[in-house]
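Shown below: query27.txt, with compact mmCIF, C-alpha atoms.
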# COMPACT_ATOMS: atom_id res chain seq x y z
CA LEU A 15 15.34 33.29 -18.90
CA ILE A 16 15.35 36.13 -16.32
CA GLY A 17 17.84 38.16 -18.38
CA THR A 18 15.34 38.40 -21.24
CA CYS A 19 12.32 39.00 -19.03
CA PRO A 20 10.70 42.48 -19.01
CA LEU A 21 10.97 44.06 -15.55
CA ARG A 22 7.21 44.41 -15.15
CA ARG A 23 6.79 40.66 -15.70
CA GLU A 24 9.77 39.48 -13.64
CA SER A 25 7.62 37.73 -11.00
CA ALA A 26 5.85 35.70 -13.67
CA CYS A 27 9.17 34.74 -15.22
CA LEU A 28 10.50 33.66 -11.82
CA ALA A 29 7.46 31.45 -11.37
CA VAL A 30 8.05 29.84 -14.76
CA LEU A 31 11.73 29.28 -13.92
CA PHE A 32 10.80 27.71 -10.56
CA ILE A 33 8.41 25.29 -12.28
CA PHE A 34 11.07 24.48 -14.90
CA ILE A 35 13.64 23.68 -12.20
CA ARG A 36 11.20 21.52 -10.24
CA LEU A 37 10.19 19.53 -13.30
CA HIS A 38 13.72 18.95 -14.52
CA ALA A 39 14.90 18.00 -11.03
CA GLY A 40 12.40 15.15 -11.09
CA PHE A 41 10.23 16.78 -8.41
CA LEU A 42 6.97 14.97 -7.75
CA GLN A 43 3.90 16.05 -5.86
CA ALA A 44 0.91 14.03 -4.75
CA GLN A 45 -2.23 15.14 -6.55
CA PRO A 46 -5.91 14.22 -6.30
CA CYS A 47 -7.11 11.40 -8.53
CA GLY A 48 -9.22 13.38 -10.98
CA ASP A 49 -12.06 15.34 -9.41
CA HIS A 50 -12.29 13.19 -6.29
CA VAL A 51 -9.91 12.50 -3.43
CA THR A 52 -11.96 9.53 -2.25
CA PHE A 53 -13.43 6.41 -3.79
CA THR A 54 -16.49 4.56 -2.50
CA ASP A 55 -16.43 0.80 -2.99
CA PRO A 56 -19.88 -0.08 -4.40
CA ARG A 57 -19.69 -3.56 -2.89
CA ASP A 58 -19.79 -2.50 0.76
CA GLY A 59 -19.92 1.31 0.79
CA LYS A 60 -16.45 1.73 2.32
CA VAL A 61 -14.79 5.03 1.44
CA TYR A 62 -11.06 5.04 0.59
CA GLN A 63 -8.65 7.94 0.37
CA THR A 64 -6.75 8.07 -2.92
CA VAL A 65 -3.56 9.71 -4.12
CA ARG A 66 -2.05 10.37 -7.53
CA ILE A 67 1.72 10.04 -7.80
CA GLY A 68 3.09 10.71 -11.26
CA GLU A 69 0.67 9.10 -13.71
CA GLN A 70 -0.59 6.50 -11.24
CA CYS A 71 -3.70 6.72 -9.05
CA TRP A 72 -3.51 4.58 -5.91
CA MET A 73 -5.66 3.90 -2.88
CA SER A 74 -3.80 5.42 0.06
CA GLU A 75 -5.30 2.89 2.47
CA ASN A 76 -5.10 -0.88 2.72
CA LEU A 77 -7.99 -2.68 1.08
CA ALA A 78 -10.64 -3.86 3.56
CA TRP A 79 -13.01 -5.86 1.32
CA LEU A 80 -14.05 -8.85 3.43
CA PRO A 81 -16.60 -11.18 1.79
CA GLN A 82 -15.52 -14.08 4.06
CA VAL A 83 -13.13 -14.55 6.94
CA PHE A 84 -10.96 -17.56 7.70
CA HIS A 85 -9.03 -18.94 10.65
CA PRO A 86 -5.26 -18.65 10.04
CA SER A 87 -4.95 -22.43 10.13
CA GLN A 88 -7.18 -22.63 7.02
CA PHE A 89 -4.43 -21.48 4.66
CA SER A 90 -4.53 -22.41 0.97
CA ALA A 91 -2.44 -21.76 -2.13
CA ASN A 92 -5.30 -22.24 -4.58
CA GLU A 93 -8.53 -21.04 -2.95
CA ALA A 94 -9.19 -17.47 -1.84
CA ARG A 95 -8.50 -16.77 1.83
CA TYR A 96 -9.28 -13.59 3.78
CA TYR A 97 -7.80 -12.94 7.22
CA VAL A 98 -7.96 -10.21 9.83
CA TYR A 99 -4.89 -9.98 12.05
CA TRP A 100 -5.35 -11.83 15.34
CA ASN A 101 -8.94 -12.68 14.51
CA PHE A 102 -10.01 -16.28 15.03
CA ASP A 103 -13.77 -15.76 14.68
CA LEU A 104 -15.37 -16.90 11.40
CA ASP A 105 -18.16 -14.32 11.57
CA VAL A 106 -17.55 -11.45 9.12
CA GLU A 107 -19.34 -8.83 11.20
CA GLU A 108 -17.39 -9.79 14.30
CA ALA A 109 -14.16 -9.62 12.33
CA LYS A 110 -15.07 -6.12 11.10
CA ASN A 111 -15.26 -4.97 14.72
CA ASN A 112 -11.68 -6.11 15.34
CA GLU A 113 -9.35 -3.15 15.89
CA ASN A 114 -6.90 -4.62 13.41
CA TYR A 115 -9.51 -4.67 10.66
CA LEU A 116 -10.38 -1.05 11.42
CA GLY A 117 -6.76 0.05 11.47
CA TYR A 118 -5.03 -2.20 8.97
CA GLY A 119 -7.63 -3.74 6.66
CA VAL A 120 -7.62 -7.33 5.43
CA LEU A 121 -4.80 -9.80 4.80
CA TYR A 122 -5.30 -11.72 1.54
CA ASN A 123 -3.62 -14.80 0.15
CA TRP A 124 -2.58 -14.35 -3.48
CA PRO A 125 -5.68 -15.96 -5.07
CA ALA A 126 -7.90 -13.64 -2.98
CA ALA A 127 -5.73 -10.59 -3.65
CA SER A 128 -5.89 -11.23 -7.40
CA GLN A 129 -9.66 -10.69 -7.40
CA ALA A 130 -10.15 -8.37 -4.42
CA CYS A 131 -10.00 -4.88 -5.95
CA PRO A 132 -13.29 -3.17 -6.85
CA PRO A 133 -14.50 -2.38 -10.38
CA GLY A 134 -12.26 0.18 -12.08
CA TRP A 135 -9.26 -0.82 -9.95
CA HIS A 136 -6.84 -3.74 -9.98
CA LEU A 137 -4.06 -5.43 -8.05
CA PRO A 138 -0.90 -3.69 -9.30
CA ALA A 139 1.56 -5.64 -11.39
CA ASP A 140 5.16 -5.84 -10.25
CA SER A 141 6.04 -3.37 -13.02
CA GLU A 142 3.53 -0.85 -11.61
CA TRP A 143 5.13 -1.13 -8.17
CA GLN A 144 8.52 -0.66 -9.81
CA GLU A 145 7.29 2.46 -11.60
CA LEU A 146 6.15 3.94 -8.29
CA ILE A 147 9.44 3.07 -6.60
CA ASN A 148 11.51 4.54 -9.43
CA GLN A 149 9.53 7.78 -9.30
CA LEU A 150 10.37 8.11 -5.61
CA GLY A 151 14.10 7.72 -6.04
CA GLY A 152 14.56 3.96 -6.14
CA THR A 153 14.60 1.11 -3.65
CA ALA A 154 16.92 2.84 -1.17
CA ARG A 155 14.68 5.89 -0.73
CA ALA A 156 11.13 4.97 -1.64
CA GLY A 157 10.28 3.03 1.51
CA GLY A 158 10.67 5.99 3.83
CA LYS A 159 8.70 8.24 1.49
CA LEU A 160 5.79 5.77 1.45
CA LYS A 161 5.58 4.96 5.18
CA SER A 162 3.16 6.66 7.55
CA ARG A 163 4.85 8.68 10.28
CA ARG A 164 2.66 7.18 13.00
CA MET A 165 4.92 5.46 15.51
CA ALA A 166 4.92 3.98 19.02
CA PRO A 167 3.93 5.07 21.64
CA GLU A 168 0.92 6.17 19.57
CA PRO A 169 -1.82 3.51 19.58
CA HIS A 170 -2.30 1.16 16.65
CA PRO A 171 -2.34 1.55 13.72
CA ARG A 172 1.30 2.66 13.83
CA TRP A 173 4.91 1.57 13.30
CA VAL A 174 7.30 0.38 15.97
CA TYR A 175 10.22 2.64 16.91
CA PRO A 176 12.31 3.89 15.11
CA ASN A 177 10.17 3.85 11.91
CA GLU A 178 13.37 4.50 10.01
CA GLY A 179 13.27 7.24 7.38
CA ALA A 180 9.47 7.71 7.40
CA THR A 181 8.30 10.97 5.83
CA ASP A 182 5.01 10.03 4.10
CA GLU A 183 5.63 13.00 1.85
CA PHE A 184 3.19 11.82 -0.82
CA GLY A 185 0.33 10.73 1.45
CA PHE A 186 0.65 7.03 0.56
CA SER A 187 0.60 6.35 4.32
CA VAL A 188 1.79 2.75 4.53
CA LEU A 189 0.88 1.14 7.86
CA PRO A 190 2.28 -2.22 9.04
CA ALA A 191 -0.54 -4.77 9.07
CA GLY A 192 1.84 -7.69 9.58
CA ALA A 193 1.06 -10.97 7.82
CA CYS A 194 -0.66 -14.32 8.07
CA TYR A 195 2.08 -16.84 7.26
CA ASN A 196 1.77 -20.18 5.55
CA ASP A 197 2.34 -21.99 8.84
CA GLY A 198 -0.99 -20.67 10.11
CA GLN A 199 0.50 -17.96 12.33
CA PHE A 200 0.01 -14.20 12.46
CA GLY A 201 3.10 -12.06 12.96
CA ASN A 202 4.88 -8.70 12.67
CA ARG A 203 1.99 -6.28 13.15
CA GLY A 204 3.59 -2.87 13.70
CA ASN A 205 6.85 -3.83 12.02
CA GLN A 206 6.03 -5.21 8.55
CA ALA A 207 3.90 -4.05 5.65
CA SER A 208 3.77 -6.49 2.75
CA PHE A 209 1.82 -5.90 -0.45
CA TRP A 210 1.01 -8.41 -3.16
CA SER A 211 1.59 -7.74 -6.84
CA SER A 212 -0.34 -9.54 -9.57
CA THR A 213 2.89 -10.92 -11.07
CA PRO A 214 3.82 -14.58 -10.47
CA TYR A 215 7.43 -15.44 -9.79
CA ILE A 216 7.25 -19.21 -10.24
CA GLU A 217 4.38 -21.64 -9.78
CA GLY A 218 3.20 -21.19 -6.20
CA GLN A 219 4.94 -17.85 -5.57
CA ALA A 220 4.33 -14.22 -6.53
CA TRP A 221 6.24 -10.96 -6.20
CA SER A 222 5.54 -8.75 -3.21
CA HIS A 223 6.86 -5.41 -1.97
CA ASN A 224 7.76 -5.10 1.70
CA LEU A 225 8.51 -2.31 4.16
CA TYR A 226 9.87 -2.62 7.71
CA GLY A 227 10.05 -0.41 10.78
CA ASP A 228 13.85 -0.46 10.97
CA ALA A 229 14.56 0.37 7.32
CA LYS A 230 13.79 3.14 4.84
CA LEU A 231 14.22 0.74 1.93
CA ILE A 232 11.45 -1.12 0.15
CA PHE A 233 12.22 -4.78 -0.50
CA ARG A 234 11.02 -6.91 -3.40
CA HIS A 235 10.61 -10.60 -2.61
CA PRO A 236 8.67 -13.60 -3.95
CA PHE A 237 6.47 -15.29 -1.34
CA PRO A 238 4.20 -18.35 -1.33
CA TRP A 239 0.63 -17.82 -2.50
CA GLN A 240 -0.61 -19.08 0.89
CA ASP A 241 0.72 -16.04 2.76
CA GLY A 242 -1.76 -13.37 3.80
CA PHE A 243 -0.56 -9.87 2.86
CA SER A 244 -2.10 -6.43 2.45
CA VAL A 245 -3.44 -5.06 -0.85
CA ARG A 246 -3.19 -1.59 -2.31
CA CYS A 247 -5.32 -1.17 -5.43
CA ILE A 248 -4.34 0.99 -8.40
CA ARG A 249 -6.86 2.53 -10.80
CA ASP A 250 -7.31 1.02 -14.27
What does this structure look like when you write it as structure tokens?
Amino acid sequence: LIGTCPLRRESACLAVLFIFIRLHAGFLQAQPCGDHVTFTDPRDGKVYQTVRIGEQCWMSENLAWLPQVFHPSQFSANEARYYVYWNFDLDVEEAKNNENYLGYGVLYNWPAASQACPPGWHLPADSEWQELINQLGGTARAGGKLKSRRMAPEPHPRWVYPNEGATDEFGFSVLPAGACYNDGQFGNRGNQASFWSSTPYIEGQAWSHNLYGDAKLIFRHPFPWQDGFSVRCIRD
């Protein structure tokens, strides 16, 4: 390419070559989602940051839509449940003042997660999570690239030490909201980020994608519908 490039246009040819190399090396960059880098949920006015990775447009924050709030002992596999980590108050406005709601969003059981995303967005299918992971180099590398770099001793929201492999190089900024488990207990804030997919595994379980503070991998597991996990919405 450079050998056939006129001297006066060499800088332009170098730029073209650089782009060619980046594209054919599988290089990805985060881009805005269309003309806007934010999305305002018309249901409650909350503003979310967004990020485009490859051909997918994602929210780069955990969903925080909270039409109701439940005590962790009120778990269900069939009816929608909405939890805020370490919140035991059934008043929505009180729950929204909880630092965990402000930092980590809402934990949804699978029936709630399946209908939680706003118009124009949806709960990603397992195949859409897999597409994202493959674009970032596969299971062994994607977790670190997706995790926020915030880490103890910074205040919450943040990961526990050592936050293995975290680079957040695409601005996806995963933070560890923990979970509300099907025994009615909260656990693992700071160390676990689990995200529902819309894809069932078997009756009563669905696929999820999970990141941990001591690993740069992203793990794919089926979990019971009762569990309360985070949601990241993807644009239709």
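Counting from atom CA of Leu80 of chain A, the distance to atom CA of Ala126 of chain A is 10.1 Å.
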Item to complete: Between A:Gly242, A:Pro171, A:Gly179, A:Gly198, single out the one closest to Glu113 of chain A, counting all atoms listed in the file.
Response: A:Pro171
Quick one: everything within 8 Å of Asn224 of chain A, counting all atoms listed in the file, minus sequence neighbours fewer than 4 positions away in the same chain. Send it as an mmCIF file with C-alpha atoms, in the coordinates of the input.
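Printed below is out_0.cif as written:
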data_model
loop_
_atom_site.group_PDB
_atom_site.id
_atom_site.type_symbol
_atom_site.label_atom_id
_atom_site.label_comp_id
_atom_site.auth_asym_id
_atom_site.auth_seq_id
_atom_site.Cartn_x
_atom_site.Cartn_y
_atom_site.Cartn_z
ATOM 1 C CA GLN A 206 6.030 -5.210 8.550
ATOM 2 C CA ALA A 207 3.900 -4.050 5.650
ATOM 3 C CA SER A 208 3.770 -6.490 2.750
ATOM 4 C CA PHE A 209 1.820 -5.900 -0.450
ATOM 5 C CA ILE A 232 11.450 -1.120 0.150
ATOM 6 C CA PHE A 233 12.220 -4.780 -0.500
ATOM 7 C CA ARG A 234 11.020 -6.910 -3.400
ATOM 8 C CA HIS A 235 10.610 -10.600 -2.610
#
Response to the item:
Pro214 of chain A proximity check over A:Asp140, A:Glu178, A:Asp197, A:Glu107, using all atoms listed in the file: winner is A:Asp140
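The coordinates place atom CA of Arg172 of chain A at 26.1 Å from atom CA of Glu145 of chain A.
Put simply, atom CA of Asn101 of chain A is 25.5 Å away from atom CA of Gly218 of chain A.
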Fill in: Distance criterion (all atoms listed in the file): nearest to Trp210 of chain A out of A:Gly151, A:Pro238, A:Pro46, A:Gly119
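Closest to Trp210 of chain A of all the choices is A:Pro238.
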Worksheet entry | Shell of 10 Å around Met165 of chain A, only C-alpha atoms, local chain residues under 6 positions omitted, as a list in words | Pro171, Arg172, Trp173, Val174, Tyr175, Pro176, Asn177, Ala180, Leu189, Gly204 and Gly227 of chain A
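Using only C-alpha atoms for every distance, the candidate list A:Gly68, A:Gly201, A:Pro190, A:Pro56 yields A:Gly68 as the residue closest to Asn148 of chain A.
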